[in-house]
$ cat protein09.cif   # mmCIF, C-alpha atoms
data_structure
#
loop_
_atom_site.label_atom_id
_atom_site.label_comp_id
_atom_site.auth_asym_id
_atom_site.auth_seq_id
_atom_site.Cartn_x
_atom_site.Cartn_y
_atom_site.Cartn_z
CA MET T 84 0.00 0.00 0.00
CA THR T 85 2.57 2.53 1.03
CA GLY T 86 6.12 2.80 -0.18
CA SER T 87 5.49 1.72 -3.73
CA PRO T 88 8.73 2.12 -5.68
CA GLU T 89 7.45 4.57 -8.25
CA PRO T 90 9.65 7.50 -9.19
CA ALA T 91 7.52 10.60 -8.88
CA PRO T 92 9.71 13.57 -9.58
CA ASP T 93 6.92 16.14 -9.68
CA ALA T 94 6.93 18.83 -7.07
CA PRO T 95 4.53 18.74 -4.13
CA GLY T 96 1.91 21.41 -3.92
CA PRO T 97 -0.95 22.60 -6.07
CA ALA T 98 0.95 22.93 -9.34
CA VAL T 99 1.81 19.59 -10.79
CA VAL T 100 4.76 20.33 -12.96
CA GLY T 101 5.86 18.25 -15.87
CA ARG T 102 2.50 17.13 -17.18
CA GLY T 103 1.77 18.93 -20.38
CA ARG T 104 -0.80 18.44 -23.07
CA ILE T 105 -0.85 14.68 -22.73
CA GLY T 106 -2.03 14.87 -19.15
CA ARG T 107 -4.72 17.36 -20.07
CA TRP T 108 -5.91 15.18 -22.94
CA ARG T 109 -6.03 12.23 -20.61
CA ASP T 110 -8.13 14.19 -18.11
CA GLN T 111 -10.53 15.19 -20.88
CA ALA T 112 -10.77 11.60 -22.09
CA VAL T 113 -11.58 10.40 -18.57
CA ALA T 114 -14.26 13.08 -18.24
CA LEU T 115 -15.73 12.11 -21.61
CA GLY T 116 -15.77 8.43 -20.66
CA TRP T 117 -17.58 9.23 -17.42
CA LEU T 118 -20.16 11.35 -19.24
CA VAL T 119 -20.80 8.53 -21.73
CA VAL T 120 -21.33 6.10 -18.85
CA VAL T 121 -23.75 8.51 -17.18
CA TRP T 122 -25.64 8.99 -20.45
CA ASN T 123 -26.03 5.25 -20.93
CA LEU T 124 -27.12 4.72 -17.34
CA LEU T 125 -29.68 7.47 -17.72
CA TRP T 126 -31.18 5.73 -20.74
CA GLY T 127 -31.03 2.50 -18.79
CA ASP T 128 -29.61 0.61 -21.73
CA ILE T 129 -26.21 0.25 -23.35
CA ASN T 130 -26.33 0.08 -27.13
CA TRP T 131 -24.63 1.73 -30.10
CA ALA T 132 -27.12 4.55 -30.39
CA ASN T 133 -26.61 5.47 -26.74
CA LEU T 134 -22.84 5.19 -27.02
CA VAL T 135 -22.72 7.53 -30.03
CA GLY T 136 -25.26 9.87 -28.49
CA GLY T 137 -23.33 9.90 -25.24
CA LEU T 138 -20.10 10.71 -27.05
CA LEU T 139 -21.76 13.62 -28.86
CA VAL T 140 -23.45 15.01 -25.76
CA GLY T 141 -20.33 14.49 -23.65
CA ALA T 142 -18.14 16.26 -26.19
CA ALA T 143 -20.62 19.13 -26.38
CA VAL T 144 -20.66 19.44 -22.59
CA LEU T 145 -16.86 19.48 -22.43
CA VAL T 146 -16.60 22.06 -25.22
CA PHE T 147 -19.33 24.42 -24.11
CA TYR T 148 -18.92 24.13 -20.34
CA PRO T 149 -15.19 23.83 -19.83
CA LEU T 150 -14.10 23.39 -16.24
CA PRO T 151 -10.84 24.51 -14.73
CA ALA T 152 -8.35 21.73 -15.11
CA VAL T 153 -8.28 19.50 -12.06
CA SER T 154 -5.27 17.41 -12.79
CA PHE T 155 -5.22 14.00 -11.26
CA GLY T 156 -1.59 13.30 -10.55
CA GLY T 157 -2.14 10.38 -8.27
CA ARG T 158 -2.87 6.75 -8.73
CA LEU T 159 -5.67 4.54 -7.57
CA ARG T 160 -4.86 2.07 -4.84
CA PRO T 161 -7.72 -0.45 -4.67
CA TRP T 162 -7.11 -1.61 -1.13
CA ALA T 163 -6.80 1.90 0.30
CA LEU T 164 -9.87 2.88 -1.70
CA LEU T 165 -11.74 0.03 -0.06
CA VAL T 166 -10.54 1.12 3.37
CA PHE T 167 -11.72 4.64 2.66
CA ALA T 168 -15.11 3.45 1.39
CA GLY T 169 -15.61 1.18 4.37
CA ARG T 170 -14.71 3.82 6.94
CA PHE T 171 -16.82 6.35 5.06
CA ALA T 172 -19.87 4.10 5.13
CA ALA T 173 -19.40 3.34 8.82
CA GLU T 174 -18.99 7.01 9.70
CA LEU T 175 -21.96 8.00 7.57
CA VAL T 176 -24.14 5.57 9.51
CA SER T 177 -22.88 6.66 12.92
CA ALA T 178 -23.16 10.35 11.97
CA SER T 179 -26.70 9.88 10.75
CA LEU T 180 -27.78 8.03 13.87
CA HIS T 181 -26.13 10.66 16.06
CA VAL T 182 -27.83 13.59 14.36
CA ALA T 183 -31.11 11.72 14.21
CA ARG T 184 -30.88 11.00 17.93
CA ILE T 185 -30.29 14.58 19.00
CA ALA T 186 -32.99 15.65 16.55
CA VAL T 187 -35.66 13.73 18.40
CA GLN T 188 -34.23 14.15 21.91
CA PRO T 189 -36.68 16.39 23.77
CA GLY T 190 -35.46 19.69 25.12
CA TYR T 191 -31.89 19.40 23.89
CA ARG T 192 -30.12 22.38 22.37
CA PRO T 193 -26.84 21.31 20.75
CA ARG T 194 -23.93 23.72 20.91
CA GLY T 195 -21.54 24.15 18.03
CA ALA T 196 -18.22 25.65 17.03
CA ILE T 197 -16.43 26.76 13.90
CA ILE T 198 -12.91 25.46 13.51
CA ALA T 199 -10.21 25.88 10.90
CA VAL T 200 -8.36 22.84 9.65
CA ARG T 201 -5.37 23.31 7.40
CA LEU T 202 -4.93 20.36 5.10
CA ARG T 203 -1.48 19.01 4.48
CA VAL T 204 -1.92 18.46 0.75
CA PRO T 205 -3.55 21.62 -0.59
CA THR T 206 -4.40 20.47 -4.11
CA ASP T 207 -7.79 21.35 -5.52
CA LEU T 208 -8.75 17.73 -5.88
CA ASN T 209 -7.83 16.85 -2.33
CA LEU T 210 -9.62 19.94 -0.98
CA ALA T 211 -12.78 19.03 -2.86
CA LEU T 212 -12.75 15.36 -1.95
CA THR T 213 -11.98 16.00 1.70
CA ALA T 214 -14.63 18.69 1.90
CA GLU T 215 -17.23 16.35 0.45
CA ALA T 216 -16.32 13.45 2.68
CA VAL T 217 -16.01 15.54 5.83
CA SER T 218 -19.50 16.97 5.36
CA LEU T 219 -20.94 13.49 5.63
CA VAL T 220 -18.96 12.14 8.57
CA PRO T 221 -19.76 12.74 12.22
CA GLY T 222 -20.27 16.20 13.51
CA THR T 223 -18.72 18.37 10.83
CA LEU T 224 -19.98 20.50 7.96
CA ILE T 225 -18.03 22.59 5.49
CA LEU T 226 -18.64 26.29 5.83
CA GLU T 227 -15.89 27.96 3.89
CA VAL T 228 -12.90 26.89 1.84
CA ASP T 229 -9.75 28.95 1.63
CA ARG T 230 -8.22 27.65 -1.54
CA ASP T 231 -4.97 29.60 -1.33
CA SER T 232 -3.87 28.23 2.01
CA GLY T 233 -5.71 24.93 1.70
CA THR T 234 -7.78 25.54 4.80
CA LEU T 235 -11.23 24.17 5.47
CA TYR T 236 -13.55 25.96 7.87
CA LEU T 237 -15.87 23.50 9.50
CA HIS T 238 -18.92 23.79 11.66
CA VAL T 239 -18.80 21.18 14.39
CA MET T 240 -22.04 20.13 15.94
CA ASP T 241 -22.88 18.98 19.43
CA THR T 242 -19.68 20.05 21.13
CA HIS T 243 -19.18 19.80 24.87
CA GLY T 244 -15.86 21.58 25.27
CA PRO T 245 -12.47 22.24 23.71
CA GLY T 246 -11.65 18.54 23.62
CA ASP T 247 -14.36 17.92 21.06
CA LEU T 248 -12.79 20.49 18.74
CA ASP T 249 -9.50 18.62 18.75
CA VAL T 250 -11.32 15.39 18.09
CA ALA T 251 -13.05 16.93 15.08
CA ARG T 252 -9.74 18.32 13.82
CA ASP T 253 -8.00 14.96 14.12
CA ARG T 254 -10.90 13.23 12.45
CA THR T 255 -10.77 15.61 9.50
CA LEU T 256 -7.06 15.03 9.05
CA ALA T 257 -7.67 11.29 9.26
CA VAL T 258 -10.21 11.57 6.44
CA GLU T 259 -7.64 13.47 4.41
CA ARG T 260 -5.04 10.81 5.08
CA ARG T 261 -7.35 8.05 3.90
CA ILE T 262 -8.19 9.97 0.73
CA ILE T 263 -4.54 10.61 -0.08
CA ARG T 264 -3.75 6.97 0.58
CA ALA T 265 -6.51 5.97 -1.82
CA VAL T 266 -5.97 8.37 -4.71
CA GLY T 267 -2.96 10.56 -3.96
CA SER T 268 0.36 10.53 -5.72
CA THR T 269 3.45 9.07 -4.13
CA THR T 270 4.83 12.54 -3.53
CA GLU T 271 1.71 13.55 -1.67
CA LEU T 272 1.87 10.39 0.38
CA ARG T 273 5.43 11.11 1.39
CA HIS T 274 4.45 14.70 2.18
CA LEU T 275 1.73 13.32 4.42
CA ASP T 276 4.12 11.07 6.29
CA VAL T 277 6.60 13.87 6.81
CA THR T 278 4.07 16.30 8.24
CA SER T 279 1.88 13.89 10.17
CA PRO T 280 3.54 14.35 13.60
CA GLU T 281 2.40 17.97 13.91
CA LYS T 282 -1.30 17.33 13.68
CA GLY T 283 -4.07 19.85 13.95
CA THR T 284 -2.11 22.92 12.88
CA ARG T 285 -3.95 26.14 13.41
CA PRO T 286 -3.46 28.91 10.89
CA MET W 261 -36.50 -18.20 -1.62
CA ILE W 262 -33.80 -15.69 -2.41
CA ALA W 263 -36.40 -13.42 -3.93
CA THR W 264 -38.38 -13.49 -0.70
CA ILE W 265 -35.31 -12.65 1.36
CA ALA W 266 -34.44 -9.78 -0.97
CA ASP W 267 -38.01 -8.52 -0.76
CA TRP W 268 -37.97 -8.51 3.03
CA LEU W 269 -34.53 -6.91 3.19
CA GLY W 270 -35.74 -4.30 0.75
CA ALA W 271 -38.78 -3.63 2.89
CA GLY W 272 -36.58 -3.22 5.94
CA CYS W 273 -34.35 -0.77 4.08
CA LEU W 274 -37.37 1.23 2.96
CA VAL W 275 -38.69 1.54 6.51
CA ALA W 276 -35.28 2.45 7.94
CA GLY W 277 -34.68 5.01 5.21
CA ALA W 278 -38.08 6.56 5.77
CA LEU W 279 -37.45 6.78 9.52
CA LEU W 280 -34.10 8.49 8.96
CA ALA W 281 -35.69 10.95 6.56
CA LEU W 282 -38.32 11.65 9.21
CA ALA W 283 -35.62 12.25 11.83
CA ALA W 284 -33.85 14.59 9.40
CA GLY W 285 -37.07 16.51 8.95
CA VAL W 286 -37.58 16.77 12.70
CA GLY W 287 -33.99 17.98 13.03
CA VAL W 288 -34.43 20.68 10.40
CA LEU W 289 -37.50 21.84 12.28
CA ARG W 290 -36.10 21.68 15.79
CA PHE W 291 -32.43 22.64 15.66
CA PRO W 292 -31.75 26.15 16.92
CA ASP W 293 -29.84 27.75 14.03
CA ALA W 294 -29.23 27.41 10.32
CA LEU W 295 -25.86 25.69 10.66
CA SER W 296 -27.17 22.96 12.92
CA ARG W 297 -30.08 22.49 10.57
CA MET W 298 -27.73 21.82 7.70
CA HIS W 299 -26.26 18.93 9.69
CA ALA W 300 -29.72 17.40 9.80
CA ALA W 301 -30.18 18.08 6.10
CA THR W 302 -26.99 16.29 5.12
CA LYS W 303 -26.20 13.23 7.18
CA PRO W 304 -29.44 11.44 8.11
CA GLN W 305 -31.07 12.70 4.96
CA VAL W 306 -28.35 11.29 2.69
CA LEU W 307 -28.28 7.95 4.47
CA GLY W 308 -32.07 7.87 4.39
CA VAL W 309 -32.09 8.36 0.63
CA LEU W 310 -29.36 5.75 0.18
CA LEU W 311 -31.35 3.24 2.23
CA LEU W 312 -34.49 3.97 0.24
CA LEU W 313 -32.52 3.43 -2.98
CA LEU W 314 -31.10 0.18 -1.63
CA GLY W 315 -34.57 -0.95 -0.69
CA ILE W 316 -35.88 -0.15 -4.16
CA ALA W 317 -32.91 -1.90 -5.76
CA LEU W 318 -33.54 -5.03 -3.70
CA ARG W 319 -37.13 -5.12 -4.86
CA LEU W 320 -36.70 -4.20 -8.54
CA ARG W 321 -33.55 -6.22 -9.33
CA SER W 322 -33.34 -5.34 -13.02
CA PRO W 323 -30.03 -4.12 -14.46
CA ALA W 324 -31.46 -0.98 -16.05
CA ASP W 325 -33.01 0.12 -12.77
CA LEU W 326 -29.84 -0.71 -10.84
CA GLY W 327 -27.82 1.58 -13.12
CA MET W 328 -30.22 4.43 -12.60
CA ILE W 329 -30.30 3.87 -8.84
CA LEU W 330 -26.51 3.83 -8.67
CA LEU W 331 -26.43 7.11 -10.56
CA VAL W 332 -28.93 8.70 -8.19
CA ALA W 333 -26.86 7.55 -5.22
CA VAL W 334 -23.61 8.94 -6.64
CA PHE W 335 -25.14 12.31 -7.43
CA GLN W 336 -26.84 12.44 -4.05
CA LEU W 337 -23.50 11.87 -2.32
CA ALA W 338 -21.77 14.41 -4.51
CA THR W 339 -24.31 17.21 -4.35
CA ALA W 340 -25.72 17.17 -0.82
CA PRO W 341 -22.53 18.47 0.84
CA VAL W 342 -22.17 21.17 -1.82
CA ALA W 343 -25.72 22.39 -1.27
CA ALA W 344 -25.22 22.34 2.49
CA GLN W 345 -21.99 24.30 2.15
CA MET W 346 -23.58 26.97 0.00
CA ILE W 347 -26.44 27.44 2.47
CA GLY W 348 -24.11 27.34 5.46
CA ARG W 349 -21.79 29.89 3.90
CA ALA W 350 -24.67 32.18 3.02
CA ALA W 351 -26.01 31.87 6.55
CA TYR W 352 -22.61 32.68 8.03
CA ARG W 353 -21.92 35.65 5.77
CA SER W 354 -25.31 37.18 6.37
CA GLY W 355 -24.82 36.74 10.10
CA ARG W 356 -27.80 34.43 10.58
CA LEU W 357 -26.29 32.37 13.32
CA ASP W 358 -26.70 32.28 17.05
CA ARG W 359 -23.32 33.24 18.48
CA GLY W 360 -24.47 32.24 21.93
CA LEU W 361 -24.44 28.65 20.76
CA LEU W 362 -20.87 28.76 19.40
CA ASP W 363 -17.96 27.59 21.51
CA ALA W 364 -15.38 28.91 19.07
CA ASP W 365 -15.28 30.72 15.76
CA GLU W 366 -11.97 30.47 14.00
CA LEU W 367 -13.44 31.80 10.80
CA ALA W 368 -14.05 35.16 12.47
CA ASP W 369 -10.48 35.10 13.77
CA ARG W 370 -9.28 35.03 10.20
CA GLY W 371 -10.65 38.54 9.71
CA GLN W 372 -13.60 39.56 7.63
CA GLY W 373 -11.51 41.52 5.13
CA SER W 374 -10.45 38.53 3.06
CA GLY W 375 -13.90 37.07 3.09
CA SER W 376 -14.06 35.92 -0.52
CA ALA W 377 -10.79 34.21 -1.18
CA GLY W 378 -10.92 32.03 -4.22
CA PRO W 379 -13.72 31.57 -6.70
CA ALA W 380 -15.10 28.56 -4.87
#
$ encode --input "protein09.cif" --output "structure tokens"
Amino acid sequence: MTGSPEPAPDAPGPAVVGRGRIGRWRDQAVALGWLVVVWNLLWGDINWANLVGGLLVGAAVLVFYPLPAVSFGGRLRPWALLVFAGRFAAELVSASLHVARIAVQPGYRPRGAIIAVRLRVPTDLNLALTAEAVSLVPGTLILEVDRDSGTLYLHVMDTHGPGDLDVARDRTLAVERRIIRAVGSTTELRHLDVTSPEKGTRP
Amino acid sequence: MIATIADWLGAGCLVAGALLALAAGVGVLRFPDALSRMHAATKPQVLGVLLLLLGIALRLRSPADLGMILLVAVFQLATAPVAAQMIGRAAYRSGRLDRGLLDADELADRGQGSGSAGPA
């Protein structure tokens, strides 16, 4: 899982250097493939007409609604992906039961807090994935994203003191670690290992 | 035999999903401020929808329907946090939150001047 002997000379940080037009074409091709799959699933049937139609619609979407390039410099690790999915499902269930319980608990007013968590790998992709996942796991909700410094501002629910804030912070960084382990590049992984001792850095 | 088991499992999922959706609704109604309400609108609501979809999938069991259900689930997971963030951010920026209920606010510590950093 970790320590795969792949030479990854690209620099850490938001700008992935050294991937030119080929990388961009690959990203576009992946997006097109995904749109074709969605199109076919929407029609509920995979046949030639849907494949061609999906290609046309997907190409039109990519041409007319271009998105800022989110380069995927990492690699998929199936086992880590499974770990992430499993933990995510478990935390989604426990978060839902927790919120549902305090929702129906009579006469209970939950307190909250807003905390800042600075991610260790401030790429756009990692920010987006972590923000999505964190919103669905126990107690936290994304409020604001500071893209430049890679900081997430989270609303934490049902806090009972400063200790809960640290727990939420650690949990967010743990989500980030699992995401990087699942889809991050080797450089990002190493970056994670280097900076993991100083957890919960405040800006 | 297997069909019966799948039917009963599906029924259980439907009931559980409906209960979670009900709890989410109660939470949206009862929680004291907008930010807490968004918690209710994301977590139990999303799991409730996923359970309902699973229940439907267990009862329908045809590939075309499964594809559609999978798509609904993926988009639900992808969009619910985004919607919640937009509402939460709007609520925070317009000051519609109960500061008496906040233990800490590190977003305010950042300073209001650089409020719109990045075209997120």
$ residues_around --input "protein09.cif" --residues "Leu138 (chain T)" --least-positions-apart "5" --cutoff "9 Å" --atoms "all atoms listed in the file" --output "PDB file with C-alpha atoms, keeping the file's coordinate frame"
ATOM      1  CA  LEU T 115     -15.730  12.110 -21.610  1.00  0.00           C
ATOM      2  CA  GLY T 116     -15.770   8.430 -20.660  1.00  0.00           C
ATOM      3  CA  LEU T 118     -20.160  11.350 -19.240  1.00  0.00           C
ATOM      4  CA  VAL T 119     -20.800   8.530 -21.730  1.00  0.00           C
ATOM      5  CA  TRP T 122     -25.640   8.990 -20.450  1.00  0.00           C
ATOM      6  CA  ASN T 133     -26.610   5.470 -26.740  1.00  0.00           C
ATOM      7  CA  ALA T 143     -20.620  19.130 -26.380  1.00  0.00           C
TER       8      ALA T 143
END
$ closest_residue --input "protein09.cif" --among "W:Arg359, W:Arg353, W:Lys303, W:Arg321" --to "chain T" --atoms "all atoms listed in the file"
W:Lys303
$ resolve_selection --input "protein09.cif" --expression "the PyMOL selection byres ((chain W) within 6 of (chain T))" --output "list of chain:residue names"
W:Ala283, W:Gly287, W:Lys303, W:Pro304, W:Ala324, W:Gly327, W:Met328, W:Pro341, W:Gln345, W:Gly348, W:Arg349, W:Leu361, W:Leu362, W:Asp363, W:Ala364, W:Asp365, W:Glu366, W:Gly378
$ write_last_selection --input "protein09.cif" --atoms "C-alpha atoms" --output "compact mmCIF listing (two decimals), in the coordinates of the input"
# COMPACT_ATOMS: atom_id res chain seq x y z
CA ALA W 283 -35.62 12.25 11.83
CA GLY W 287 -33.99 17.98 13.03
CA LYS W 303 -26.20 13.23 7.18
CA PRO W 304 -29.44 11.44 8.11
CA ALA W 324 -31.46 -0.98 -16.05
CA GLY W 327 -27.82 1.58 -13.12
CA MET W 328 -30.22 4.43 -12.60
CA PRO W 341 -22.53 18.47 0.84
CA GLN W 345 -21.99 24.30 2.15
CA GLY W 348 -24.11 27.34 5.46
CA ARG W 349 -21.79 29.89 3.90
CA LEU W 361 -24.44 28.65 20.76
CA LEU W 362 -20.87 28.76 19.40
CA ASP W 363 -17.96 27.59 21.51
CA ALA W 364 -15.38 28.91 19.07
CA ASP W 365 -15.28 30.72 15.76
CA GLU W 366 -11.97 30.47 14.00
CA GLY W 378 -10.92 32.03 -4.22
$ atom_distance --input "protein09.cif" --atom1 "CA of Ala266 (chain W)" --atom2 "CA of Leu318 (chain W)"
5.6 Å
$ atom_distance --input "protein09.cif" --atom1 "CA of Gln111 (chain T)" --atom2 "CA of Val258 (chain T)"
27.6 Å
$ closest_residue --input "protein09.cif" --among "W:Val286, W:Leu310, W:Arg297, W:Met261" --to "Leu274 (chain W)" --atoms "all atoms listed in the file"
W:Leu310
$ resolve_selection --input "protein09.cif" --expression "the PyMOL selection byres ((chain W and resi 312) around 8)" --output "list in words"
Cys273, Leu274, Val275, Ala276, Gly277, Ala278, Gly308, Val309, Leu310, Leu311, Leu313, Leu314, Gly315 and Ile316 of chain W
$ resolve_selection --input "protein09.cif" --expression "the PyMOL selection byres ((chain W and resi 336) around 10)" --output "ChimeraX atom specification"
/W:302,305-307,309-310,330-335,337-341
$ residues_around --input "protein09.cif" --residues "Ala351 (chain W)" --least-positions-apart "4" --cutoff "12 Å" --atoms "all atoms listed in the file" --output "compact mmCIF listing (two decimals) with C-alpha atoms, keeping the file's coordinate frame"
# COMPACT_ATOMS: atom_id res chain seq x y z
CA LEU T 226 -18.64 26.29 5.83
CA GLU T 227 -15.89 27.96 3.89
CA HIS T 238 -18.92 23.79 11.66
CA ASP W 293 -29.84 27.75 14.03
CA ALA W 294 -29.23 27.41 10.32
CA LEU W 295 -25.86 25.69 10.66
CA SER W 296 -27.17 22.96 12.92
CA ARG W 297 -30.08 22.49 10.57
CA MET W 298 -27.73 21.82 7.70
CA ALA W 344 -25.22 22.34 2.49
CA GLN W 345 -21.99 24.30 2.15
CA MET W 346 -23.58 26.97 0.00
CA ILE W 347 -26.44 27.44 2.47
CA GLY W 355 -24.82 36.74 10.10
CA ARG W 356 -27.80 34.43 10.58
CA LEU W 357 -26.29 32.37 13.32
CA ASP W 358 -26.70 32.28 17.05
$ closest_residue --input "protein09.cif" --among "T:His274, T:Arg261, T:Arg104, T:Asn209" --to "Arg170 (chain T)" --atoms "all atoms listed in the file"
T:Arg261
$ atom_distance --input "protein09.cif" --atom1 "CA of Arg160 (chain T)" --atom2 "CA of Val266 (chain T)"
6.4 Å
$ build_atoms --input "protein09.cif" --residues "region 331-339 of chain W" --atoms "all heavy atoms" --output "PDB file, in the coordinates of the input"
ATOM      1  N   LEU W 331     -26.670   5.730 -10.135  1.00  0.00           N
ATOM      2  CA  LEU W 331     -26.430   7.110 -10.560  1.00  0.00           C
ATOM      3  C   LEU W 331     -27.040   8.096  -9.567  1.00  0.00           C
ATOM      4  O   LEU W 331     -26.403   9.078  -9.170  1.00  0.00           O
ATOM      5  CB  LEU W 331     -27.042   7.293 -11.944  1.00  0.00           C
ATOM      6  CG  LEU W 331     -26.384   8.261 -12.889  1.00  0.00           C
ATOM      7  CD1 LEU W 331     -24.945   7.889 -13.079  1.00  0.00           C
ATOM      8  CD2 LEU W 331     -27.113   8.240 -14.212  1.00  0.00           C
ATOM      9  N   VAL W 332     -28.265   7.817  -9.157  1.00  0.00           N
ATOM     10  CA  VAL W 332     -28.930   8.700  -8.190  1.00  0.00           C
ATOM     11  C   VAL W 332     -28.115   8.760  -6.896  1.00  0.00           C
ATOM     12  O   VAL W 332     -27.893   9.833  -6.327  1.00  0.00           O
ATOM     13  CB  VAL W 332     -30.365   8.218  -7.908  1.00  0.00           C
ATOM     14  CG1 VAL W 332     -30.990   9.065  -6.808  1.00  0.00           C
ATOM     15  CG2 VAL W 332     -31.207   8.299  -9.153  1.00  0.00           C
ATOM     16  N   ALA W 333     -27.625   7.588  -6.468  1.00  0.00           N
ATOM     17  CA  ALA W 333     -26.860   7.550  -5.220  1.00  0.00           C
ATOM     18  C   ALA W 333     -25.581   8.370  -5.337  1.00  0.00           C
ATOM     19  O   ALA W 333     -25.247   9.153  -4.443  1.00  0.00           O
ATOM     20  CB  ALA W 333     -26.538   6.095  -4.862  1.00  0.00           C
ATOM     21  N   VAL W 334     -24.867   8.205  -6.463  1.00  0.00           N
ATOM     22  CA  VAL W 334     -23.610   8.940  -6.640  1.00  0.00           C
ATOM     23  C   VAL W 334     -23.861  10.437  -6.635  1.00  0.00           C
ATOM     24  O   VAL W 334     -23.179  11.206  -5.948  1.00  0.00           O
ATOM     25  CB  VAL W 334     -22.934   8.505  -7.959  1.00  0.00           C
ATOM     26  CG1 VAL W 334     -21.813   9.464  -8.315  1.00  0.00           C
ATOM     27  CG2 VAL W 334     -22.390   7.099  -7.831  1.00  0.00           C
ATOM     28  N   PHE W 335     -24.893  10.864  -7.358  1.00  0.00           N
ATOM     29  CA  PHE W 335     -25.140  12.310  -7.430  1.00  0.00           C
ATOM     30  C   PHE W 335     -25.650  12.833  -6.087  1.00  0.00           C
ATOM     31  O   PHE W 335     -25.346  13.967  -5.708  1.00  0.00           O
ATOM     32  CB  PHE W 335     -26.134  12.627  -8.545  1.00  0.00           C
ATOM     33  CG  PHE W 335     -25.461  12.688  -9.884  1.00  0.00           C
ATOM     34  CD1 PHE W 335     -25.754  11.772 -10.874  1.00  0.00           C
ATOM     35  CD2 PHE W 335     -24.508  13.653 -10.136  1.00  0.00           C
ATOM     36  CE1 PHE W 335     -25.120  11.820 -12.094  1.00  0.00           C
ATOM     37  CE2 PHE W 335     -23.859  13.704 -11.351  1.00  0.00           C
ATOM     38  CZ  PHE W 335     -24.166  12.785 -12.332  1.00  0.00           C
ATOM     39  N   GLN W 336     -26.387  12.019  -5.378  1.00  0.00           N
ATOM     40  CA  GLN W 336     -26.840  12.440  -4.050  1.00  0.00           C
ATOM     41  C   GLN W 336     -25.632  12.677  -3.137  1.00  0.00           C
ATOM     42  O   GLN W 336     -25.526  13.700  -2.459  1.00  0.00           O
ATOM     43  CB  GLN W 336     -27.747  11.362  -3.457  1.00  0.00           C
ATOM     44  CG  GLN W 336     -28.289  11.692  -2.093  1.00  0.00           C
ATOM     45  CD  GLN W 336     -29.317  12.793  -2.151  1.00  0.00           C
ATOM     46  OE1 GLN W 336     -30.018  12.929  -3.128  1.00  0.00           O
ATOM     47  NE2 GLN W 336     -29.386  13.596  -1.110  1.00  0.00           N
ATOM     48  N   LEU W 337     -24.692  11.730  -3.161  1.00  0.00           N
ATOM     49  CA  LEU W 337     -23.500  11.870  -2.320  1.00  0.00           C
ATOM     50  C   LEU W 337     -22.669  13.066  -2.739  1.00  0.00           C
ATOM     51  O   LEU W 337     -22.056  13.746  -1.915  1.00  0.00           O
ATOM     52  CB  LEU W 337     -22.649  10.601  -2.409  1.00  0.00           C
ATOM     53  CG  LEU W 337     -23.083   9.436  -1.539  1.00  0.00           C
ATOM     54  CD1 LEU W 337     -22.253   8.219  -1.856  1.00  0.00           C
ATOM     55  CD2 LEU W 337     -22.935   9.802  -0.081  1.00  0.00           C
ATOM     56  N   ALA W 338     -22.637  13.339  -4.037  1.00  0.00           N
ATOM     57  CA  ALA W 338     -21.770  14.410  -4.510  1.00  0.00           C
ATOM     58  C   ALA W 338     -22.378  15.786  -4.298  1.00  0.00           C
ATOM     59  O   ALA W 338     -21.668  16.763  -4.086  1.00  0.00           O
ATOM     60  CB  ALA W 338     -21.449  14.207  -5.997  1.00  0.00           C
ATOM     61  N   THR W 339     -23.709  15.882  -4.364  1.00  0.00           N
ATOM     62  CA  THR W 339     -24.310  17.210  -4.350  1.00  0.00           C
ATOM     63  C   THR W 339     -24.785  17.664  -2.976  1.00  0.00           C
ATOM     64  O   THR W 339     -24.772  18.862  -2.709  1.00  0.00           O
ATOM     65  CB  THR W 339     -25.516  17.264  -5.314  1.00  0.00           C
ATOM     66  OG1 THR W 339     -26.403  16.205  -4.988  1.00  0.00           O
ATOM     67  CG2 THR W 339     -25.061  17.124  -6.743  1.00  0.00           C
TER      68      THR W 339
END
